[in-house]
>>> print(open('query21.pdb').read())   # PDB, C-alpha atoms
ATOM      1  CA  MET A   1      -2.402  19.822  24.358
ATOM      2  CA  ALA A   2      -4.240  16.582  25.108
ATOM      3  CA  ASP A   3      -7.560  18.210  25.942
ATOM      4  CA  GLN A   4      -7.667  20.675  23.042
ATOM      5  CA  GLY A   5     -10.709  20.646  20.779
ATOM      6  CA  TRP A   6      -9.801  20.066  17.157
ATOM      7  CA  ALA A   7     -11.449  19.806  13.749
ATOM      8  CA  MET A   8     -10.495  19.559  10.104
ATOM      9  CA  LYS A   9     -12.459  19.737   6.869
ATOM     10  CA  GLY A  10     -11.256  19.055   3.353
ATOM     11  CA  GLU A  11     -10.662  15.921   1.324
ATOM     12  CA  LEU A  12      -8.589  12.759   1.426
ATOM     13  CA  VAL A  13      -7.486  10.310  -1.222
ATOM     14  CA  LEU A  14      -6.346   6.779  -0.432
ATOM     15  CA  SER A  15      -4.563   4.168  -2.567
ATOM     16  CA  CYS A  16      -3.972   0.580  -1.460
ATOM     17  CA  ASN A  17      -2.766  -2.808  -2.690
ATOM     18  CA  CYS A  18      -6.241  -4.390  -2.935
ATOM     19  CA  THR A  19      -6.807  -5.800  -6.430
ATOM     20  CA  VAL A  20     -10.512  -4.844  -6.405
ATOM     21  CA  PHE A  21     -12.281  -2.167  -4.380
ATOM     22  CA  CYS A  22     -11.179  -2.463  -0.768
ATOM     23  CA  PRO A  23     -13.376  -4.983   1.122
ATOM     24  CA  CYS A  24     -12.416  -3.305   4.401
ATOM     25  CA  VAL A  25     -14.693  -0.379   3.512
ATOM     26  CA  LEU A  26     -17.791  -2.528   3.050
ATOM     27  CA  SER A  27     -17.046  -5.040   5.811
ATOM     28  CA  LEU A  28     -15.881  -2.363   8.297
ATOM     29  CA  GLY A  29     -12.698  -4.361   8.874
ATOM     30  CA  SER A  30     -14.303  -7.778   9.381
ATOM     31  CA  HIS A  31     -13.075  -9.086   5.996
ATOM     32  CA  PRO A  32      -9.376  -9.298   5.106
ATOM     33  CA  PRO A  33      -7.806  -7.217   2.320
ATOM     34  CA  THR A  34      -7.723  -8.981  -1.049
ATOM     35  CA  GLU A  35      -4.063  -9.974  -0.623
ATOM     36  CA  GLY A  36      -4.489 -10.895   3.018
ATOM     37  CA  TYR A  37      -2.651  -7.783   4.194
ATOM     38  CA  CYS A  38      -2.938  -4.056   3.528
ATOM     39  CA  GLN A  39      -0.349  -1.588   2.291
ATOM     40  CA  THR A  40      -1.707   1.895   1.775
ATOM     41  CA  TRP A  41      -0.943   5.572   1.556
ATOM     42  CA  ALA A  42      -3.394   8.411   2.050
ATOM     43  CA  GLY A  43      -3.178  12.074   1.129
ATOM     44  CA  PHE A  44      -5.016  14.798   3.046
ATOM     45  CA  ARG A  45      -5.965  18.328   2.049
ATOM     46  CA  ILE A  46      -7.047  20.415   5.021
ATOM     47  CA  ASP A  47      -9.152  23.305   3.739
ATOM     48  CA  ALA A  48     -10.112  24.476   7.227
ATOM     49  CA  GLY A  49      -8.840  23.147  10.522
ATOM     50  CA  HIS A  50      -7.637  23.941  14.011
ATOM     51  CA  PHE A  51      -6.252  22.332  17.128
ATOM     52  CA  GLY A  52      -7.207  24.622  19.978
ATOM     53  CA  GLU A  53      -5.908  27.975  18.790
ATOM     54  CA  VAL A  54      -3.421  26.444  16.329
ATOM     55  CA  ASP A  55      -4.526  26.992  12.720
ATOM     56  CA  LEU A  56      -4.206  23.925  10.464
ATOM     57  CA  SER A  57      -5.956  25.406   7.423
ATOM     58  CA  GLY A  58      -4.269  25.061   4.042
ATOM     59  CA  LEU A  59      -1.929  22.219   5.034
ATOM     60  CA  ASN A  60      -1.456  18.893   3.275
ATOM     61  CA  LEU A  61      -0.423  15.579   4.834
ATOM     62  CA  GLY A  62       0.538  12.069   3.833
ATOM     63  CA  LEU A  63      -0.025   8.898   5.862
ATOM     64  CA  VAL A  64       1.565   5.521   5.130
ATOM     65  CA  MET A  65       0.139   2.383   6.741
ATOM     66  CA  GLU A  66       0.660  -1.371   6.766
ATOM     67  CA  ILE A  67      -1.921  -3.728   8.251
ATOM     68  CA  PRO A  68      -0.973  -7.419   8.571
ATOM     69  CA  GLY A  69      -4.498  -8.848   8.219
ATOM     70  CA  TYR A  70      -7.977  -7.882   9.354
ATOM     71  CA  MET A  71      -8.097  -4.138  10.015
ATOM     72  CA  SER A  72     -10.038  -4.678  13.219
ATOM     73  CA  ARG A  73      -7.291  -6.831  14.768
ATOM     74  CA  GLY A  74      -4.765  -4.016  14.904
ATOM     75  CA  ASN A  75      -0.970  -4.290  14.889
ATOM     76  CA  TRP A  76      -0.849  -1.536  12.253
ATOM     77  CA  THR A  77       2.371   0.225  11.274
ATOM     78  CA  ALA A  78       2.122   3.921  10.361
ATOM     79  CA  GLY A  79       4.292   6.842   9.313
ATOM     80  CA  LEU A  80       3.297  10.489   8.822
ATOM     81  CA  PHE A  81       4.387  13.222   6.410
ATOM     82  CA  ILE A  82       3.464  16.813   7.266
ATOM     83  CA  ASP A  83       3.531  19.839   4.985
ATOM     84  CA  LYS A  84       6.845  21.673   5.287
ATOM     85  CA  ARG A  85       4.848  24.915   5.612
ATOM     86  CA  ALA A  86       3.435  23.765   8.954
ATOM     87  CA  SER A  87       4.591  25.594  12.077
ATOM     88  CA  VAL A  88       6.188  23.696  14.926
ATOM     89  CA  TYR A  89       2.877  24.008  16.794
ATOM     90  CA  ALA A  90       0.927  22.605  13.838
ATOM     91  CA  VAL A  91       3.368  19.683  13.567
ATOM     92  CA  ARG A  92       2.850  18.856  17.231
ATOM     93  CA  ALA A  93      -0.919  19.136  16.864
ATOM     94  CA  LEU A  94      -1.103  16.986  13.728
ATOM     95  CA  THR A  95       1.158  14.380  15.272
ATOM     96  CA  ARG A  96      -1.208  14.106  18.239
ATOM     97  CA  ILE A  97      -4.211  13.853  15.943
ATOM     98  CA  PHE A  98      -2.717  11.213  13.646
ATOM     99  CA  THR A  99      -1.421   9.064  16.487
ATOM    100  CA  GLY A 100      -4.878   9.065  18.060
ATOM    101  CA  LYS A 101      -3.755  10.892  21.184
ATOM    102  CA  ALA A 102      -6.056  13.870  20.578
ATOM    103  CA  GLY A 103      -9.198  11.716  20.760
ATOM    104  CA  GLY A 104     -12.188  12.015  18.485
ATOM    105  CA  THR A 105     -12.343  10.574  14.964
ATOM    106  CA  THR A 106      -8.754   9.307  14.965
ATOM    107  CA  SER A 107      -8.779   7.887  18.509
ATOM    108  CA  LEU A 108      -8.809   4.303  17.178
ATOM    109  CA  LEU A 109      -5.285   4.863  15.824
ATOM    110  CA  ALA A 110      -4.013   4.915  19.413
ATOM    111  CA  ILE A 111      -5.436   1.404  19.790
ATOM    112  CA  LEU A 112      -4.723  -0.143  16.392
ATOM    113  CA  VAL A 113      -1.274   1.244  15.519
ATOM    114  CA  GLY A 114       1.385  -0.864  17.200
ATOM    115  CA  LYS A 115       4.417   0.701  15.520
ATOM    116  CA  PHE A 116       4.791   4.356  14.583
ATOM    117  CA  LEU A 117       7.594   5.013  12.096
ATOM    118  CA  GLY A 118       7.816   8.706  12.853
ATOM    119  CA  VAL A 119       7.065  12.109  11.351
ATOM    120  CA  GLU A 120       8.811  13.848   8.467
ATOM    121  CA  GLN A 121       8.197  17.284   7.002
ATOM    122  CA  ALA A 122       8.238  17.687   3.230
ATOM    123  CA  PRO A 123       6.692  19.739   0.425
ATOM    124  CA  ILE A 124       3.289  18.147  -0.292
ATOM    125  CA  THR A 125       0.809  18.960  -3.057
ATOM    126  CA  TYR A 126      -2.819  17.865  -3.451
ATOM    127  CA  GLU A 127      -4.533  18.951  -6.681
ATOM    128  CA  THR A 128      -7.722  18.151  -8.584
ATOM    129  CA  ARG A 129      -7.454  18.008 -12.373
ATOM    130  CA  ASP A 130     -10.857  17.362 -13.911
ATOM    131  CA  ARG A 131     -11.990  14.432 -11.698
ATOM    132  CA  THR A 132      -8.505  13.089 -10.971
ATOM    133  CA  ARG A 133      -6.777  13.779  -7.666
ATOM    134  CA  ILE A 134      -3.022  14.294  -7.926
ATOM    135  CA  PHE A 135      -1.091  13.771  -4.705
ATOM    136  CA  GLN A 136       2.681  14.209  -4.577
ATOM    137  CA  ILE A 137       5.497  14.267  -2.078
ATOM    138  CA  PRO A 138       8.710  14.601  -4.109
ATOM    139  CA  LYS A 139      10.728  11.353  -4.205
ATOM    140  CA  ILE A 140       8.251   9.749  -1.771
ATOM    141  CA  ILE A 141       4.686   9.540  -3.140
ATOM    142  CA  ASP A 142       3.554  10.023  -6.741
ATOM    143  CA  GLY A 143      -0.173   9.342  -6.983
ATOM    144  CA  ALA A 144      -3.053   9.974  -9.364
ATOM    145  CA  VAL A 145      -6.507   8.652  -8.451
ATOM    146  CA  THR A 146      -9.614   8.830 -10.640
ATOM    147  CA  PRO A 147     -13.196   8.052  -9.563
ATOM    148  CA  THR A 148     -14.999   5.109 -11.126
ATOM    149  CA  SER A 149     -17.921   6.275 -13.268
ATOM    150  CA  GLY A 150     -21.396   4.930 -12.571
ATOM    151  CA  LYS A 151     -24.254   4.155 -14.964
ATOM    152  CA  ASP A 152     -24.411   7.879 -15.601
ATOM    153  CA  ARG A 153     -20.882   8.247 -16.988
ATOM    154  CA  ASP A 154     -20.676  11.833 -15.760
ATOM    155  CA  GLU A 155     -21.275  10.796 -12.140
ATOM    156  CA  ASP A 156     -18.999   8.939  -9.711
ATOM    157  CA  THR A 157     -19.817   5.583  -8.150
ATOM    158  CA  VAL A 158     -20.477   6.390  -4.487
ATOM    159  CA  ILE A 159     -21.045   4.346  -1.332
ATOM    160  CA  SER A 160     -23.245   6.374   1.011
ATOM    161  CA  ASN A 161     -24.592   6.129   4.554
ATOM    162  CA  SER A 162     -21.673   3.940   5.612
ATOM    163  CA  GLU A 163     -20.341   3.400   9.129
ATOM    164  CA  TYR A 164     -16.790   3.429   7.746
ATOM    165  CA  TRP A 165     -14.695   5.365  10.258
ATOM    166  CA  ILE A 166     -13.048   7.606   7.671
ATOM    167  CA  ALA A 167     -16.278   8.994   6.179
ATOM    168  CA  PRO A 168     -19.944   8.030   5.645
ATOM    169  CA  GLU A 169     -19.663   8.659   1.885
ATOM    170  CA  ILE A 170     -16.896   7.046  -0.152
ATOM    171  CA  ILE A 171     -16.169   7.639  -3.833
ATOM    172  CA  VAL A 172     -15.070   4.378  -5.459
ATOM    173  CA  ALA A 173     -11.883   4.951  -7.457
ATOM    174  CA  SER A 174      -8.729   3.384  -8.843
ATOM    175  CA  SER A 175      -5.138   4.526  -9.080
ATOM    176  CA  ASP A 176      -3.819   5.696 -12.445
ATOM    177  CA  LYS A 177      -0.423   5.799 -10.791
ATOM    178  CA  SER A 178       0.571   5.052  -7.238
ATOM    179  CA  LYS A 179       4.204   4.904  -6.233
ATOM    180  CA  MET A 180       5.493   5.194  -2.678
ATOM    181  CA  ARG A 181       9.081   4.963  -1.498
ATOM    182  CA  ALA A 182       9.729   5.647   2.187
ATOM    183  CA  PHE A 183      10.593   3.962   5.466
ATOM    184  CA  GLY A 184      12.299   1.108   3.559
ATOM    185  CA  ARG A 185       9.171   0.404   1.471
ATOM    186  CA  ASN A 186       8.877   0.448  -2.332
ATOM    187  CA  TRP A 187       5.260   0.185  -3.544
ATOM    188  CA  ASN A 188       3.529   0.517  -6.901
ATOM    189  CA  PHE A 189      -0.267   0.151  -6.812
ATOM    190  CA  ALA A 190      -1.188   1.449 -10.285
ATOM    191  CA  GLY A 191      -4.533   0.031 -11.418
ATOM    192  CA  ARG A 192      -5.540  -1.034  -7.924
ATOM    193  CA  SER A 193      -8.150   0.062  -5.401
ATOM    194  CA  ALA A 194      -8.508   3.659  -4.318
ATOM    195  CA  GLU A 195     -11.062   5.887  -2.642
ATOM    196  CA  ILE A 196     -11.837   9.557  -2.206
ATOM    197  CA  CYS A 197     -13.682  10.941   0.824
ATOM    198  CA  LYS A 198     -14.690  14.243   2.294
ATOM    199  CA  LEU A 199     -12.572  15.038   5.324
ATOM    200  CA  ASP A 200     -14.726  16.039   8.279
ATOM    201  CA  TRP A 201     -12.962  14.924  11.457
ATOM    202  CA  ARG A 202     -13.064  16.331  14.955
ATOM    203  CA  GLY A 203     -12.304  15.684  18.580
ATOM    204  CA  PRO A 204     -12.006  15.005  21.370
TER     205      PRO A 204
END
>>> encode(input="query21.pdb", output="structure tokens")
Amino acid sequence: MADQGWAMKGELVLSCNCTVFCPCVLSLGSHPPTEGYCQTWAGFRIDAGHFGEVDLSGLNLGLVMEIPGYMSRGNWTAGLFIDKRASVYAVRALTRIFTGKAGGTTSLLAILVGKFLGVEQAPITYETRDRTRIFQIPKIIDGAVTPTSGKDRDEDTVISNSEYWIAPEIIVASSDKSKMRAFGRNWNFAGRSAEICKLDWRGP
């Protein structure tokens, strides 16, 4: 499986504990999070994707991460939630991708994540209601993220042409609600930093 080509397109939403928009995005990890450490969850909607011949289209995922300081210094902790609809082959493929072992866009996770909490399968939903993204894993993550309006109130505030590893274009947002309970953690980041990005990852 290690040498399989893979790709996924869709969207991701991310909510973290930063009190203002995440400085890690603009500094590319060279500035610490606003509280000195990062706690974050991300939701993924894969509209089209594959790992070799394994179809990943239509699946949703959740990723939980803790970073003790500067993103670039590593020692991250991560845990993964995979759509319960995923086949055993899709679970194996997504686990390789999100641990960085499949190379490509996520390869830095193999370097920066020092502790992997494991993989769990669960029902996961990712919806868009008006401009708000609703991401839910029952009893685990309950999130609602809304873009920040720009000068034109009908348009989102967007950072473009960035070298940010997740995506070159980032929609600035905040969390209307953001609760996460898993792996012994109990977070509530309502009113704090969030972002929305197009998902366009590939490897190796």
>>> closest_residue(input="query21.pdb", among="A:Val13, A:Leu109, A:Ile140, A:Ile134", to="Asn188 (chain A)", atoms="all atoms listed in the file")
A:Ile140
>>> residues_around(input="query21.pdb", residues="Trp41 (chain A)", least_positions_apart="6", cutoff="8 Å", atoms="all atoms listed in the file", output="list in words")
Leu14, Ser15, Cys16, Gly62, Leu63, Val64, Met65 and Met180 of chain A
>>> resolve_selection(input="query21.pdb", expression="the PyMOL selection byres ((chain A and resi 202) around 9)", output="CSV table (one decimal) with C-alpha atoms, in the coordinates of the input")
chain,number,residue,atom,x,y,z
A,5,GLY,CA,-10.7,20.6,20.8
A,6,TRP,CA,-9.8,20.1,17.2
A,7,ALA,CA,-11.4,19.8,13.7
A,8,MET,CA,-10.5,19.6,10.1
A,9,LYS,CA,-12.5,19.7,6.9
A,103,GLY,CA,-9.2,11.7,20.8
A,104,GLY,CA,-12.2,12.0,18.5
A,105,THR,CA,-12.3,10.6,15.0
A,106,THR,CA,-8.8,9.3,15.0
A,200,ASP,CA,-14.7,16.0,8.3
A,201,TRP,CA,-13.0,14.9,11.5
A,203,GLY,CA,-12.3,15.7,18.6
A,204,PRO,CA,-12.0,15.0,21.4
>>> closest_residue(input="query21.pdb", among="A:Phe135, A:Tyr37, A:Trp165, A:Phe183", to="Gly69 (chain A)", atoms="all atoms listed in the file")
A:Tyr37
>>> closest_residue(input="query21.pdb", among="A:Glu66, A:Arg131, A:Ser174, A:Thr95", to="Glu155 (chain A)", atoms="only C-alpha atoms")
A:Arg131
>>> resolve_selection(input="query21.pdb", expression="the PyMOL selection byres ((chain A and resi 32) around 6)", output="VMD selection string")
chain A and resid 31 33 36 69 to 70
>>> residues_near_point(input="query21.pdb", point="(-21.5, 1.2, 9.0)", cutoff="7 Å", atoms="all atoms listed in the file", output="PyMOL selection string")
chain A and resi 28+162-164
>>> atom_distance(input="query21.pdb", atom1="CA of Cys38 (chain A)", atom2="CA of Gly114 (chain A)")
14.7 Å
>>> closest_residue(input="query21.pdb", among="A:Cys24, A:Val172, A:Leu80, A:Cys18", to="Pro147 (chain A)", atoms="all atoms listed in the file")
A:Val172
>>> resolve_selection(input="query21.pdb", expression="the PyMOL selection byres ((chain A and resi 110) around 7)", output="PyMOL selection string")
chain A and resi 99-101+107-109+111-113
>>> residues_around(input="query21.pdb", residues="Val158 (chain A)", least_positions_apart="5", cutoff="10 Å", atoms="only C-alpha atoms", output="count of residues only")
12
>>> atom_distance(input="query21.pdb", atom1="CA of Lys177 (chain A)", atom2="CA of Ile137 (chain A)")
13.5 Å
>>> atom_distance(input="query21.pdb", atom1="CA of Thr125 (chain A)", atom2="CA of Pro168 (chain A)")
25.0 Å
>>> closest_residue(input="query21.pdb", among="A:Asn186, A:Thr34, A:Ser72, A:Thr40", to="Lys139 (chain A)", atoms="only C-alpha atoms")
A:Asn186
>>> closest_residue(input="query21.pdb", among="A:Arg133, A:Arg45, A:Lys151, A:Lys198", to="Ile82 (chain A)", atoms="only C-alpha atoms")
A:Arg45
>>> residues_near_point(input="query21.pdb", point="(-5.6, 3.6, -7.4)", cutoff="6 Å", atoms="all atoms listed in the file", output="PyMOL selection string")
chain A and resi 15+145+174-176+190-194
>>> residues_around(input="query21.pdb", residues="Ser87 (chain A)", least_positions_apart="6", cutoff="12 Å", atoms="all atoms listed in the file", output="list in words")
Val54, Asp55, Leu56, Ser57, Gly58, Leu59, Ala93, Leu94 and Gln121 of chain A
>>> axis_aligned_box(input="query21.pdb", around="region 94-106 of chain A", padding_each_side="4 Å", output="AutoDock Vina command-line options")
--center_x -5.6 --center_y 13.0 --center_z 17.4 --size_x 21.5 --size_y 15.9 --size_z 15.5
>>> decode(input="query21.pdb", residues="region 58-88 of chain A", atoms="C-alpha atoms", output="JSON list (two decimals), in the first residue's frame")
[["chain", "number", "residue", "atom", "x", "y", "z"],
["A", 58, "GLY", "CA", -18.31, 10.41, -0.22],
["A", 59, "LEU", "CA", -16.57, 9.75, 3.11],
["A", 60, "ASN", "CA", -16.20, 12.13, 6.04],
["A", 61, "LEU", "CA", -13.40, 12.22, 8.61],
["A", 62, "GLY", "CA", -12.47, 13.94, 11.84],
["A", 63, "LEU", "CA", -8.95, 14.70, 13.07],
["A", 64, "VAL", "CA", -8.06, 15.79, 16.60],
["A", 65, "MET", "CA", -4.65, 17.34, 17.28],
["A", 66, "GLU", "CA", -2.66, 18.87, 20.12],
["A", 67, "ILE", "CA", 0.53, 20.83, 19.49],
["A", 68, "PRO", "CA", 2.60, 21.88, 22.53],
["A", 69, "GLY", "CA", 4.08, 25.06, 21.02],
["A", 70, "TYR", "CA", 5.37, 26.15, 17.64],
["A", 71, "MET", "CA", 3.81, 23.97, 14.93],
["A", 72, "SER", "CA", 7.14, 23.62, 13.17],
["A", 73, "ARG", "CA", 8.82, 22.03, 16.22],
["A", 74, "GLY", "CA", 6.66, 18.93, 16.14],
["A", 75, "ASN", "CA", 5.77, 16.64, 19.05],
["A", 76, "TRP", "CA", 2.13, 16.72, 17.92],
["A", 77, "THR", "CA", -0.50, 14.35, 19.29],
["A", 78, "ALA", "CA", -3.22, 13.19, 16.88],
["A", 79, "GLY", "CA", -6.27, 10.95, 16.75],
["A", 80, "LEU", "CA", -8.43, 10.05, 13.74],
["A", 81, "PHE", "CA", -12.15, 9.39, 13.26],
["A", 82, "ILE", "CA", -13.25, 7.69, 10.04],
["A", 83, "ASP", "CA", -16.75, 7.47, 8.61],
["A", 84, "LYS", "CA", -18.45, 4.25, 9.71],
["A", 85, "ARG", "CA", -19.47, 3.72, 6.07],
["A", 86, "ALA", "CA", -15.83, 3.25, 5.06],
["A", 87, "SER", "CA", -14.74, -0.22, 3.98],
["A", 88, "VAL", "CA", -11.88, -1.95, 5.74]]
